[in-house]
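File shown: structure.txt (compact mmCIF, C-alpha atoms and all ligand atoms).
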# COMPACT_ATOMS: atom_id res chain seq x y z
CA MET A 1 111.56 96.75 117.60
CA ALA A 2 114.06 94.15 116.53
CA GLY A 3 115.37 93.95 120.06
CA MET A 4 112.00 93.33 121.68
CA THR A 5 110.70 91.06 118.98
CA ALA A 6 113.81 88.98 118.44
CA LYS A 7 114.03 88.33 122.15
CA ARG A 8 110.41 87.29 122.41
CA HIS A 9 110.59 83.55 122.14
CA ALA A 10 107.70 81.69 120.66
CA ARG A 11 106.01 79.44 123.13
CA THR A 12 103.11 77.12 123.30
CA ILE A 13 100.18 78.51 125.23
CA PHE A 14 97.89 75.55 125.07
CA ALA A 15 100.02 72.78 126.44
CA GLY A 16 97.14 70.31 126.55
CA LEU A 17 97.01 70.03 122.79
CA THR A 18 100.37 71.10 121.57
CA THR A 19 104.00 70.20 121.42
CA PRO A 20 105.86 72.27 123.99
CA LEU A 21 108.07 74.86 122.36
CA MET A 22 109.18 76.82 125.37
CA ASN A 23 112.17 79.03 124.72
CA HIS A 24 112.04 78.39 121.01
CA SER A 25 114.40 80.55 119.03
CA PRO A 26 113.83 82.11 115.63
CA PRO A 27 112.75 81.22 112.89
CA PHE A 28 109.51 81.58 114.89
CA GLY A 29 110.46 85.22 115.50
CA ALA A 30 107.45 87.22 116.67
CA ALA A 31 105.11 84.28 116.28
CA HIS A 32 103.29 82.91 119.23
CA VAL A 33 102.48 79.23 118.81
CA LEU A 34 98.85 78.43 119.57
CA TYR A 35 98.95 74.90 118.20
CA ASP A 36 101.68 72.80 116.68
CA SER A 37 101.68 69.33 115.17
CA PRO A 38 103.66 67.91 112.25
CA ASP A 39 100.84 68.66 109.79
CA HIS A 40 99.15 71.64 111.34
CA LYS A 41 100.18 74.91 112.94
CA CYS A 42 98.32 77.92 114.29
CA LEU A 43 100.41 81.01 114.92
CA SER A 44 99.51 84.35 116.43
CA PHE A 45 101.34 87.65 115.93
CA SER A 46 100.53 90.06 118.71
CA SER A 47 103.35 92.60 118.68
CA LEU A 48 103.34 93.98 115.14
CA VAL A 49 101.25 97.13 115.71
CA LYS A 50 103.46 100.13 116.37
CA GLY A 51 102.43 103.71 117.11
CA ASP A 52 98.87 104.85 117.65
CA GLY A 53 96.94 101.85 116.37
CA VAL A 54 95.16 99.67 118.89
CA GLN A 55 96.96 96.42 119.72
CA ALA A 56 95.78 93.69 117.37
CA ASN A 57 96.55 90.03 116.80
CA GLN A 58 97.00 88.52 113.34
CA PHE A 59 96.84 84.79 112.69
CA LEU A 60 98.37 82.21 110.39
CA ILE A 61 97.09 78.65 109.96
CA ILE A 62 99.31 76.19 108.09
CA HIS A 63 98.05 72.77 107.09
CA LYS A 64 100.03 70.33 104.93
CA GLY A 65 101.40 73.00 102.62
CA HIS A 66 98.28 75.16 102.69
CA ALA A 67 98.18 78.49 104.48
CA ALA A 68 95.57 81.03 105.52
CA VAL A 69 95.91 84.40 107.21
CA ILE A 70 93.08 85.58 109.46
CA ASP A 71 92.42 89.27 110.12
CA PRO A 72 95.73 90.63 108.79
CA GLY A 73 95.00 94.30 109.56
CA GLY A 74 95.87 97.38 107.55
CA ASP A 75 98.95 99.01 106.06
CA LEU A 76 100.29 99.32 109.60
CA THR A 77 100.85 95.57 109.93
CA TYR A 78 101.22 94.45 106.31
CA THR A 79 105.02 94.65 106.01
CA PRO A 80 105.97 93.22 109.42
CA LEU A 81 103.30 90.53 109.05
CA THR A 82 104.51 89.42 105.64
CA ILE A 83 108.07 89.28 106.96
CA GLU A 84 106.91 87.05 109.80
CA ILE A 85 104.72 84.87 107.58
CA SER A 86 107.61 84.40 105.17
CA ARG A 87 109.51 82.62 107.92
CA HIS A 88 106.91 79.86 107.73
CA VAL A 89 105.41 79.77 104.23
CA ASN A 90 106.03 81.18 100.80
CA LEU A 91 103.68 84.15 100.41
CA LYS A 92 103.04 83.12 96.84
CA HIS A 93 101.45 79.93 98.14
CA LEU A 94 99.03 81.60 100.50
CA ASP A 95 95.55 80.14 99.92
CA TYR A 96 93.41 82.66 101.79
CA VAL A 97 93.31 86.03 103.47
CA ILE A 98 90.25 85.76 105.67
CA ALA A 99 88.42 88.71 107.23
CA SER A 100 86.02 88.46 110.15
CA HIS A 101 84.50 91.80 109.16
CA GLN A 102 85.30 95.03 107.34
CA ASP A 103 87.18 97.14 109.89
CA PRO A 104 90.52 98.90 109.16
CA ASP A 105 92.37 96.77 111.70
CA ILE A 106 90.98 93.67 109.98
CA ILE A 107 91.34 93.99 106.23
CA ALA A 108 92.45 97.47 105.13
CA SER A 109 95.59 95.83 103.70
CA MET A 110 93.49 93.93 101.15
CA PRO A 111 94.98 95.73 98.10
CA ARG A 112 98.48 94.64 99.03
CA TRP A 113 97.48 91.00 99.40
CA LEU A 114 95.74 91.21 96.04
CA MET A 115 98.83 92.66 94.41
CA HIS A 116 101.55 90.58 95.98
CA THR A 117 99.93 87.17 96.50
CA SER A 118 97.44 84.98 94.69
CA ALA A 119 95.37 84.49 97.85
CA THR A 120 91.60 84.50 97.77
CA ILE A 121 90.08 87.15 100.02
CA VAL A 122 87.29 85.69 102.17
CA ALA A 123 84.64 87.92 103.74
CA SER A 124 80.92 88.25 104.35
CA ARG A 125 78.83 88.74 101.24
CA LEU A 126 77.58 91.92 102.91
CA TRP A 127 81.03 93.44 102.47
CA ALA A 128 81.85 92.09 99.03
CA ARG A 129 80.54 95.18 97.25
CA PHE A 130 82.26 97.56 99.67
CA LEU A 131 85.73 96.03 99.99
CA PRO A 132 86.68 96.92 96.38
CA HIS A 133 86.62 100.56 97.54
CA LEU A 134 89.90 99.79 99.33
CA ALA A 135 91.68 99.04 96.06
CA SER A 136 92.86 101.98 93.92
CA SER A 137 93.05 101.79 90.12
CA PHE A 138 96.83 101.48 90.53
CA VAL A 139 96.13 98.12 92.15
CA THR A 140 93.23 96.94 90.05
CA ASP A 141 95.03 97.79 86.79
CA ARG A 142 97.77 95.38 87.79
CA LEU A 143 95.52 92.45 88.65
CA ALA A 144 94.92 89.69 86.15
CA GLY A 145 91.15 89.88 86.68
CA ASP A 146 88.52 91.81 88.61
CA VAL A 147 88.70 92.16 92.38
CA SER A 148 85.42 90.27 92.56
CA GLU A 149 87.15 87.24 91.02
CA ARG A 150 89.54 87.20 93.97
CA LEU A 151 86.77 87.36 96.59
CA MET A 152 85.01 84.46 98.27
CA GLU A 153 81.70 85.76 99.60
CA LEU A 154 80.45 84.05 102.74
CA PRO A 155 76.67 83.55 102.98
CA ASP A 156 74.99 84.66 106.21
CA LYS A 157 74.65 81.09 107.47
CA GLY A 158 78.41 80.53 107.14
CA SER A 159 80.26 77.81 105.28
CA ASN A 160 83.13 75.36 105.29
CA ILE A 161 86.11 76.93 103.55
CA PRO A 162 88.08 74.14 101.81
CA PHE A 163 91.61 73.95 103.21
CA GLY A 164 93.59 71.02 101.85
CA ASP A 165 92.08 67.87 103.32
CA THR A 166 90.39 69.84 106.10
CA VAL A 167 88.24 72.98 106.30
CA ILE A 168 88.12 76.29 108.11
CA LYS A 169 84.59 76.80 109.36
CA ALA A 170 83.18 80.29 108.90
CA VAL A 171 80.79 80.59 111.84
CA PRO A 172 78.07 83.27 111.99
CA ALA A 173 78.68 86.02 114.55
CA HIS A 174 76.60 88.76 112.96
CA PHE A 175 76.21 91.98 114.96
CA LEU A 176 79.18 90.94 117.14
CA HIS A 177 80.05 93.58 116.27
CA SER A 178 79.68 94.06 112.53
CA VAL A 179 76.40 93.44 110.68
CA GLY A 180 78.17 90.89 108.48
CA ASN A 181 80.54 89.20 110.94
CA PHE A 182 82.15 85.77 110.97
CA GLN A 183 84.38 83.88 113.30
CA PHE A 184 86.63 81.08 112.15
CA TYR A 185 86.79 77.63 113.70
CA ASP A 186 89.72 75.35 113.04
CA PRO A 187 88.51 71.77 113.66
CA VAL A 188 92.06 70.44 113.91
CA SER A 189 93.25 72.68 116.74
CA ARG A 190 89.68 73.30 117.97
CA ILE A 191 90.49 77.00 118.18
CA LEU A 192 87.74 79.54 117.56
CA PHE A 193 89.16 82.80 116.20
CA THR A 194 86.53 85.24 117.42
CA GLY A 195 87.50 88.59 115.91
CA ASP A 196 86.47 91.37 118.27
CA MET A 197 84.42 89.08 120.54
CA GLY A 198 86.47 88.48 123.66
CA ALA A 199 88.79 91.39 122.90
CA SER A 200 90.70 92.93 125.76
CA MET A 201 92.83 96.01 126.05
CA THR A 202 96.02 94.79 127.68
CA ASP A 203 99.77 95.14 127.33
CA ASP A 204 100.32 91.39 127.40
CA ALA A 205 98.39 89.81 124.55
CA ASP A 206 100.57 86.71 124.38
CA SER A 207 99.67 84.87 127.51
CA PRO A 208 96.26 83.30 128.05
CA VAL A 209 93.93 84.61 130.72
CA THR A 210 94.59 83.00 134.08
CA ASP A 211 92.56 85.16 136.48
CA PHE A 212 89.22 85.73 134.76
CA ASP A 213 87.80 88.16 137.33
CA ALA A 214 90.92 90.32 137.12
CA HIS A 215 90.62 90.27 133.32
CA ILE A 216 87.04 91.59 133.21
CA PRO A 217 87.92 95.30 133.46
CA THR A 218 90.05 94.99 130.31
CA MET A 219 86.99 93.73 128.35
CA ARG A 220 83.87 95.28 129.81
CA GLY A 221 83.85 98.76 128.27
CA PHE A 222 84.74 97.51 124.82
CA HIS A 223 82.02 94.87 124.78
CA GLN A 224 79.38 97.23 126.18
CA ARG A 225 79.99 99.76 123.41
CA TYR A 226 80.93 97.62 120.42
CA MET A 227 78.74 94.53 120.79
CA CYS A 228 75.17 95.04 119.61
CA SER A 229 72.91 93.28 122.08
CA GLN A 230 72.72 90.71 124.82
CA ARG A 231 70.12 88.78 122.84
CA VAL A 232 72.56 88.29 119.97
CA ILE A 233 75.38 87.39 122.34
CA ARG A 234 73.22 84.67 123.86
CA LEU A 235 72.31 83.26 120.44
CA TRP A 236 75.99 83.17 119.56
CA ALA A 237 77.05 81.65 122.89
CA GLY A 238 74.43 78.91 122.50
CA MET A 239 76.05 77.94 119.21
CA VAL A 240 79.57 77.99 120.69
CA ARG A 241 78.54 75.81 123.64
CA GLU A 242 77.45 73.15 121.13
CA MET A 243 80.87 73.23 119.47
CA ASP A 244 84.09 71.59 120.69
CA VAL A 245 86.03 74.78 121.43
CA GLN A 246 89.31 74.39 123.29
CA MET A 247 90.44 77.95 122.88
CA ILE A 248 88.84 81.31 122.11
CA VAL A 249 91.37 83.62 120.47
CA PRO A 250 90.23 87.21 119.94
CA GLN A 251 91.76 89.74 117.59
CA HIS A 252 92.76 92.05 120.45
CA GLY A 253 94.30 91.01 123.73
CA ARG A 254 94.60 87.68 125.45
CA PRO A 255 93.20 84.25 124.53
CA PHE A 256 91.00 82.01 126.67
CA ALA A 257 92.59 78.57 126.79
CA GLY A 258 90.88 75.41 127.95
CA LYS A 259 87.19 74.62 128.27
CA ALA A 260 86.90 75.97 131.81
CA MET A 261 88.15 79.40 130.75
CA VAL A 262 86.10 79.34 127.54
CA ASN A 263 83.01 78.72 129.68
CA CYS A 264 84.01 81.51 132.07
CA PHE A 265 84.02 83.90 129.15
CA LEU A 266 80.71 82.65 127.71
CA ASP A 267 79.04 82.84 131.12
CA TRP A 268 80.27 86.38 131.69
CA VAL A 269 79.46 87.77 128.26
CA CYS A 270 75.94 86.26 128.32
CA GLU A 271 75.16 88.33 131.40
CA LEU A 272 76.51 91.55 129.92
CA GLU A 273 74.07 94.17 128.75
CA CYS A 274 75.56 95.98 125.81
CA GLY A 275 74.88 97.99 122.67
CA ILE A 276 71.19 98.69 122.18
CA ASP A 277 70.39 97.24 125.64
CA LEU A 278 71.98 100.29 127.24
CA LEU A 279 70.69 103.07 125.00
CA THR A 280 68.10 105.60 126.12
CA PRO A 281 66.68 108.82 124.62
CA LEU A 282 69.51 110.61 126.40
CA ASP A 283 71.94 109.05 123.96
CA TYR A 284 70.14 110.61 120.99
CA ARG A 285 70.10 114.34 121.53
CA CYS A 286 71.30 116.75 118.92
CA PRO A 287 74.43 118.43 120.33
FE FE A 301 85.92 95.50 114.56
FE FE A 302 89.19 94.80 115.99

When written as structure tokens, how does the structure in this file appear?
Ligand SMILES: [Fe+2]
Ligand SMILES: [Fe+2]
Amino acid sequence: MAGMTAKRHARTIFAGLTTPLMNHSPPFGAAHVLYDSPDHKCLSFSSLVKGDGVQANQFLIIHKGHAAVIDPGGDLTYTPLTIEISRHVNLKHLDYVIASHQDPDIIASMPRWLMHTSATIVASRLWARFLPHLASSFVTDRLAGDVSERLMELPDKGSNIPFGDTVIKAVPAHFLHSVGNFQFYDPVSRILFTGDMGASMTDDADSPVTDFDAHIPTMRGFHQRYMCSQRVIRLWAGMVREMDVQMIVPQHGRPFAGKAMVNCFLDWVCELECGIDLLTPLDYRCP
């Protein structure tokens, strides 16, 4: 792992907004630089899942001494991710661990973040009563207060999460795919971190999509099965089109960089029948 990862140089993938960092050496390590300015950084980690788990990206936003992790994953990624994050910020100073939804590849590591950092866990209010089931009494007995005191519950309509002198916008994406689902918009980088929306199953999650048509087969099956309905997708896409989104960065696979590619994705996904659109009585027969 060390060989592959150490040799993978961080690089900027959105040259229009960022300082070029081609061929950058460690301390960036396994980080992939999505955005970089003196006061603000967005980093992606795409190579930390080993073994049978599905490829997943984890994200770190740093702003003037503040730091937030988005969709850190489970036990599988906790240790390598904290090693990587520690290259950039002191874990003790982490402000937030933010979860788009409740899945194992999103937030199963919550107990470890509770134990080893003072970060606030941010998630939909729909999951606030369920997430404490992840934390054993071994963990909760060692916390200063209740788990609920460490949770920030997001209301269905979303909210602005305070982040130093800026915010991280929690944007509603319910039923895409989880019933209580948020995406996170960084107004500085203008990146929308979309969780499972836009996910692709590919070996190369670092580089942005260049040939959209060739990329479709890596997304179609996942979106048809995991996303709930075309009607919801269109509601969501209408909201995103009103926003200033320069990059869509999903939690699996490759990002969509630049407005032209963002629009390619929105146009495609709006035409995709999925979830309940595709179900018939044949799908509900007792085996
Ligand atoms: Fe998910
Ligand atoms: Fe996922």

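Separating CA of Trp268 in chain A from CA of Met197 in chain A is a distance of 12.2 Å.
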
| request: Have a look at CA of Asn90 in chain A and CA of Ser118 in chain A and let me know their distance in Å, one decimal. | output: 11.2 Å

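Considering the residues A:Leu114, A:Leu48, A:Val262, A:Val179 and counting all atoms listed in the file, ligand FE 301 (chain A) has its shortest atom-to-atom contact with A:Val179.
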
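For ligand FE 301 (chain A), the neighbouring protein, DNA and RNA residues, which are those within 10 Å when all atoms listed in the file are counted, are Ser100, His101, Gln102, Asp103, Pro104, Asp105, Ile106, Leu176, His177, Ser178, Asn181, Gly195, Asp196, Met197, Ala199, Tyr226, Met227, Gln251 and His252 of chain A.
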
| query | For the atom pair CA of Ser159 in chain A and CA of Ile62 in chain A, what is the interatomic distance in Å to one decimal place? | reply | 19.3 Å

Compile the contact shell of Met115 in chain A as a short mmCIF file (atom, residue, chain, number, x, y, z; two decimals) with C-alpha atoms, in the coordinates of the input: residues with an atom at most 12 Å away, counting only C-alpha atoms, same-chain residues fewer than 5 positions apart removed.
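Writing done, so here's selection_4.cif:
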data_model
loop_
_atom_site.label_atom_id
_atom_site.label_comp_id
_atom_site.auth_asym_id
_atom_site.auth_seq_id
_atom_site.Cartn_x
_atom_site.Cartn_y
_atom_site.Cartn_z
CA LEU A 91 103.68 84.15 100.41
CA LYS A 92 103.04 83.12 96.84
CA SER A 109 95.59 95.83 103.70
CA MET A 110 93.49 93.93 101.15
CA THR A 120 91.60 84.50 97.77
CA ILE A 121 90.08 87.15 100.02
CA ALA A 135 91.68 99.04 96.06
CA SER A 136 92.86 101.98 93.92
CA SER A 137 93.05 101.79 90.12
CA PHE A 138 96.83 101.48 90.53
CA VAL A 139 96.13 98.12 92.15
CA THR A 140 93.23 96.94 90.05
CA ASP A 141 95.03 97.79 86.79
CA ARG A 142 97.77 95.38 87.79
CA LEU A 143 95.52 92.45 88.65
CA ALA A 144 94.92 89.69 86.15
CA GLY A 145 91.15 89.88 86.68
CA ASP A 146 88.52 91.81 88.61
CA VAL A 147 88.70 92.16 92.38
CA ARG A 150 89.54 87.20 93.97
#

| With distances taken over all atoms listed in the file, which of A:Ala257, A:Ile107, A:Leu151, A:Ile98 is nearest to ligand FE 302 (chain A)? | A:Ile107

| message | For Tyr78 in chain A, find every residue with an atom within 8 Å (counting only C-alpha atoms), except residues of its own chain fewer than 4 positions away, and show them as JSON, numbers by chain. | response | {"A": [72, 73, 74, 82, 109, 112]}

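When only C-alpha atoms and all ligand atoms are used to measure the gap to ligand FE 302 (chain A), the shortest distance among A:Ser148, A:Thr117, A:Asn160, A:Asn57 belongs to A:Asn57.
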
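Using all atoms listed in the file, the shortest contact distance between ligand FE 302 (chain A) and any of A:His66, A:Arg87, A:His215, A:His223 is found at A:His223.
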
| request: Please check which residues have atoms at most 10 Å from (86.4, 83.9, 99.7) in the file's coordinates, counting only C-alpha atoms, and write them as a ChimeraX atom specification. | output: /A:95-99,119-125,128,148-154,161

Would you mind putting N, CA and C atoms back on range 52-85 of chain A and writing the result as a PDB file, in the coordinates of the input?
ATOM      1  N   ASP A  52     100.149 104.514 117.042  1.00  0.00           N
ATOM      2  CA  ASP A  52      98.870 104.850 117.650  1.00  0.00           C
ATOM      3  C   ASP A  52      97.782 103.798 117.481  1.00  0.00           C
ATOM      4  N   GLY A  53      97.990 102.844 116.606  1.00  0.00           N
ATOM      5  CA  GLY A  53      96.940 101.850 116.370  1.00  0.00           C
ATOM      6  C   GLY A  53      96.727 100.979 117.597  1.00  0.00           C
ATOM      7  N   VAL A  54      95.485 100.544 117.762  1.00  0.00           N
ATOM      8  CA  VAL A  54      95.160  99.670 118.890  1.00  0.00           C
ATOM      9  C   VAL A  54      95.863  98.316 118.703  1.00  0.00           C
ATOM     10  N   GLN A  55      96.316  97.742 119.804  1.00  0.00           N
ATOM     11  CA  GLN A  55      96.960  96.420 119.720  1.00  0.00           C
ATOM     12  C   GLN A  55      96.030  95.453 119.006  1.00  0.00           C
ATOM     13  N   ALA A  56      96.590  94.653 118.120  1.00  0.00           N
ATOM     14  CA  ALA A  56      95.780  93.690 117.370  1.00  0.00           C
ATOM     15  C   ALA A  56      96.615  92.436 117.117  1.00  0.00           C
ATOM     16  N   ASN A  57      95.915  91.314 117.096  1.00  0.00           N
ATOM     17  CA  ASN A  57      96.550  90.030 116.800  1.00  0.00           C
ATOM     18  C   ASN A  57      96.222  89.633 115.366  1.00  0.00           C
ATOM     19  N   GLN A  58      97.216  89.083 114.669  1.00  0.00           N
ATOM     20  CA  GLN A  58      97.000  88.520 113.340  1.00  0.00           C
ATOM     21  C   GLN A  58      97.335  87.025 113.430  1.00  0.00           C
ATOM     22  N   PHE A  59      96.716  86.242 112.559  1.00  0.00           N
ATOM     23  CA  PHE A  59      96.840  84.790 112.690  1.00  0.00           C
ATOM     24  C   PHE A  59      97.215  84.117 111.379  1.00  0.00           C
ATOM     25  N   LEU A  60      97.980  83.030 111.534  1.00  0.00           N
ATOM     26  CA  LEU A  60      98.370  82.210 110.390  1.00  0.00           C
ATOM     27  C   LEU A  60      98.068  80.748 110.716  1.00  0.00           C
ATOM     28  N   ILE A  61      97.319  80.090 109.822  1.00  0.00           N
ATOM     29  CA  ILE A  61      97.090  78.650 109.960  1.00  0.00           C
ATOM     30  C   ILE A  61      97.804  77.970 108.793  1.00  0.00           C
ATOM     31  N   ILE A  62      98.593  76.955 109.117  1.00  0.00           N
ATOM     32  CA  ILE A  62      99.310  76.190 108.090  1.00  0.00           C
ATOM     33  C   ILE A  62      98.874  74.739 108.212  1.00  0.00           C
ATOM     34  N   HIS A  63      98.491  74.166 107.072  1.00  0.00           N
ATOM     35  CA  HIS A  63      98.050  72.770 107.090  1.00  0.00           C
ATOM     36  C   HIS A  63      98.557  72.064 105.839  1.00  0.00           C
ATOM     37  N   LYS A  64      99.518  71.168 106.024  1.00  0.00           N
ATOM     38  CA  LYS A  64     100.030  70.330 104.930  1.00  0.00           C
ATOM     39  C   LYS A  64     100.294  71.135 103.656  1.00  0.00           C
ATOM     40  N   GLY A  65     101.028  72.217 103.794  1.00  0.00           N
ATOM     41  CA  GLY A  65     101.400  73.000 102.620  1.00  0.00           C
ATOM     42  C   GLY A  65     100.391  74.071 102.242  1.00  0.00           C
ATOM     43  N   HIS A  66      99.253  74.095 102.919  1.00  0.00           N
ATOM     44  CA  HIS A  66      98.280  75.160 102.690  1.00  0.00           C
ATOM     45  C   HIS A  66      98.397  76.196 103.802  1.00  0.00           C
ATOM     46  N   ALA A  67      98.028  77.431 103.478  1.00  0.00           N
ATOM     47  CA  ALA A  67      98.180  78.490 104.480  1.00  0.00           C
ATOM     48  C   ALA A  67      97.071  79.524 104.346  1.00  0.00           C
ATOM     49  N   ALA A  68      96.603  79.988 105.487  1.00  0.00           N
ATOM     50  CA  ALA A  68      95.570  81.030 105.520  1.00  0.00           C
ATOM     51  C   ALA A  68      95.922  82.049 106.593  1.00  0.00           C
ATOM     52  N   VAL A  69      95.738  83.313 106.258  1.00  0.00           N
ATOM     53  CA  VAL A  69      95.910  84.400 107.210  1.00  0.00           C
ATOM     54  C   VAL A  69      94.516  84.850 107.652  1.00  0.00           C
ATOM     55  N   ILE A  70      94.355  85.076 108.934  1.00  0.00           N
ATOM     56  CA  ILE A  70      93.080  85.580 109.460  1.00  0.00           C
ATOM     57  C   ILE A  70      93.297  86.974 110.023  1.00  0.00           C
ATOM     58  N   ASP A  71      92.443  87.897 109.617  1.00  0.00           N
ATOM     59  CA  ASP A  71      92.420  89.270 110.120  1.00  0.00           C
ATOM     60  C   ASP A  71      93.812  89.925 110.104  1.00  0.00           C
ATOM     61  N   PRO A  72      94.345  90.143 108.887  1.00  0.00           N
ATOM     62  CA  PRO A  72      95.730  90.630 108.790  1.00  0.00           C
ATOM     63  C   PRO A  72      95.925  92.092 109.176  1.00  0.00           C
ATOM     64  N   GLY A  73      94.849  92.892 109.203  1.00  0.00           N
ATOM     65  CA  GLY A  73      95.000  94.300 109.560  1.00  0.00           C
ATOM     66  C   GLY A  73      95.162  95.198 108.353  1.00  0.00           C
ATOM     67  N   GLY A  74      95.735  96.380 108.602  1.00  0.00           N
ATOM     68  CA  GLY A  74      95.870  97.380 107.550  1.00  0.00           C
ATOM     69  C   GLY A  74      97.298  97.544 107.096  1.00  0.00           C
ATOM     70  N   ASP A  75      97.584  98.696 106.504  1.00  0.00           N
ATOM     71  CA  ASP A  75      98.950  99.010 106.060  1.00  0.00           C
ATOM     72  C   ASP A  75      99.934  98.919 107.223  1.00  0.00           C
ATOM     73  N   LEU A  76      99.438  99.279 108.409  1.00  0.00           N
ATOM     74  CA  LEU A  76     100.290  99.320 109.600  1.00  0.00           C
ATOM     75  C   LEU A  76     100.985  97.991 109.852  1.00  0.00           C
ATOM     76  N   THR A  77     100.280  96.891 109.607  1.00  0.00           N
ATOM     77  CA  THR A  77     100.850  95.570 109.930  1.00  0.00           C
ATOM     78  C   THR A  77     101.285  94.788 108.696  1.00  0.00           C
ATOM     79  N   TYR A  78     100.967  95.269 107.498  1.00  0.00           N
ATOM     80  CA  TYR A  78     101.220  94.450 106.310  1.00  0.00           C
ATOM     81  C   TYR A  78     102.692  94.030 106.192  1.00  0.00           C
ATOM     82  N   THR A  79     103.600  94.998 106.244  1.00  0.00           N
ATOM     83  CA  THR A  79     105.020  94.650 106.010  1.00  0.00           C
ATOM     84  C   THR A  79     105.581  93.757 107.116  1.00  0.00           C
ATOM     85  N   PRO A  80     105.434  94.135 108.400  1.00  0.00           N
ATOM     86  CA  PRO A  80     105.970  93.220 109.420  1.00  0.00           C
ATOM     87  C   PRO A  80     105.292  91.853 109.404  1.00  0.00           C
ATOM     88  N   LEU A  81     104.005  91.825 109.071  1.00  0.00           N
ATOM     89  CA  LEU A  81     103.300  90.530 109.050  1.00  0.00           C
ATOM     90  C   LEU A  81     103.809  89.660 107.911  1.00  0.00           C
ATOM     91  N   THR A  82     104.019  90.242 106.751  1.00  0.00           N
ATOM     92  CA  THR A  82     104.510  89.420 105.640  1.00  0.00           C
ATOM     93  C   THR A  82     105.939  88.929 105.906  1.00  0.00           C
ATOM     94  N   ILE A  83     106.728  89.746 106.592  1.00  0.00           N
ATOM     95  CA  ILE A  83     108.070  89.280 106.960  1.00  0.00           C
ATOM     96  C   ILE A  83     107.959  88.070 107.882  1.00  0.00           C
ATOM     97  N   GLU A  84     107.078  88.163 108.852  1.00  0.00           N
ATOM     98  CA  GLU A  84     106.910  87.050 109.800  1.00  0.00           C
ATOM     99  C   GLU A  84     106.348  85.805 109.104  1.00  0.00           C
ATOM    100  N   ILE A  85     105.331  86.011 108.261  1.00  0.00           N
ATOM    101  CA  ILE A  85     104.720  84.870 107.580  1.00  0.00           C
ATOM    102  C   ILE A  85     105.752  84.161 106.695  1.00  0.00           C
TER     103      ILE A  85
END
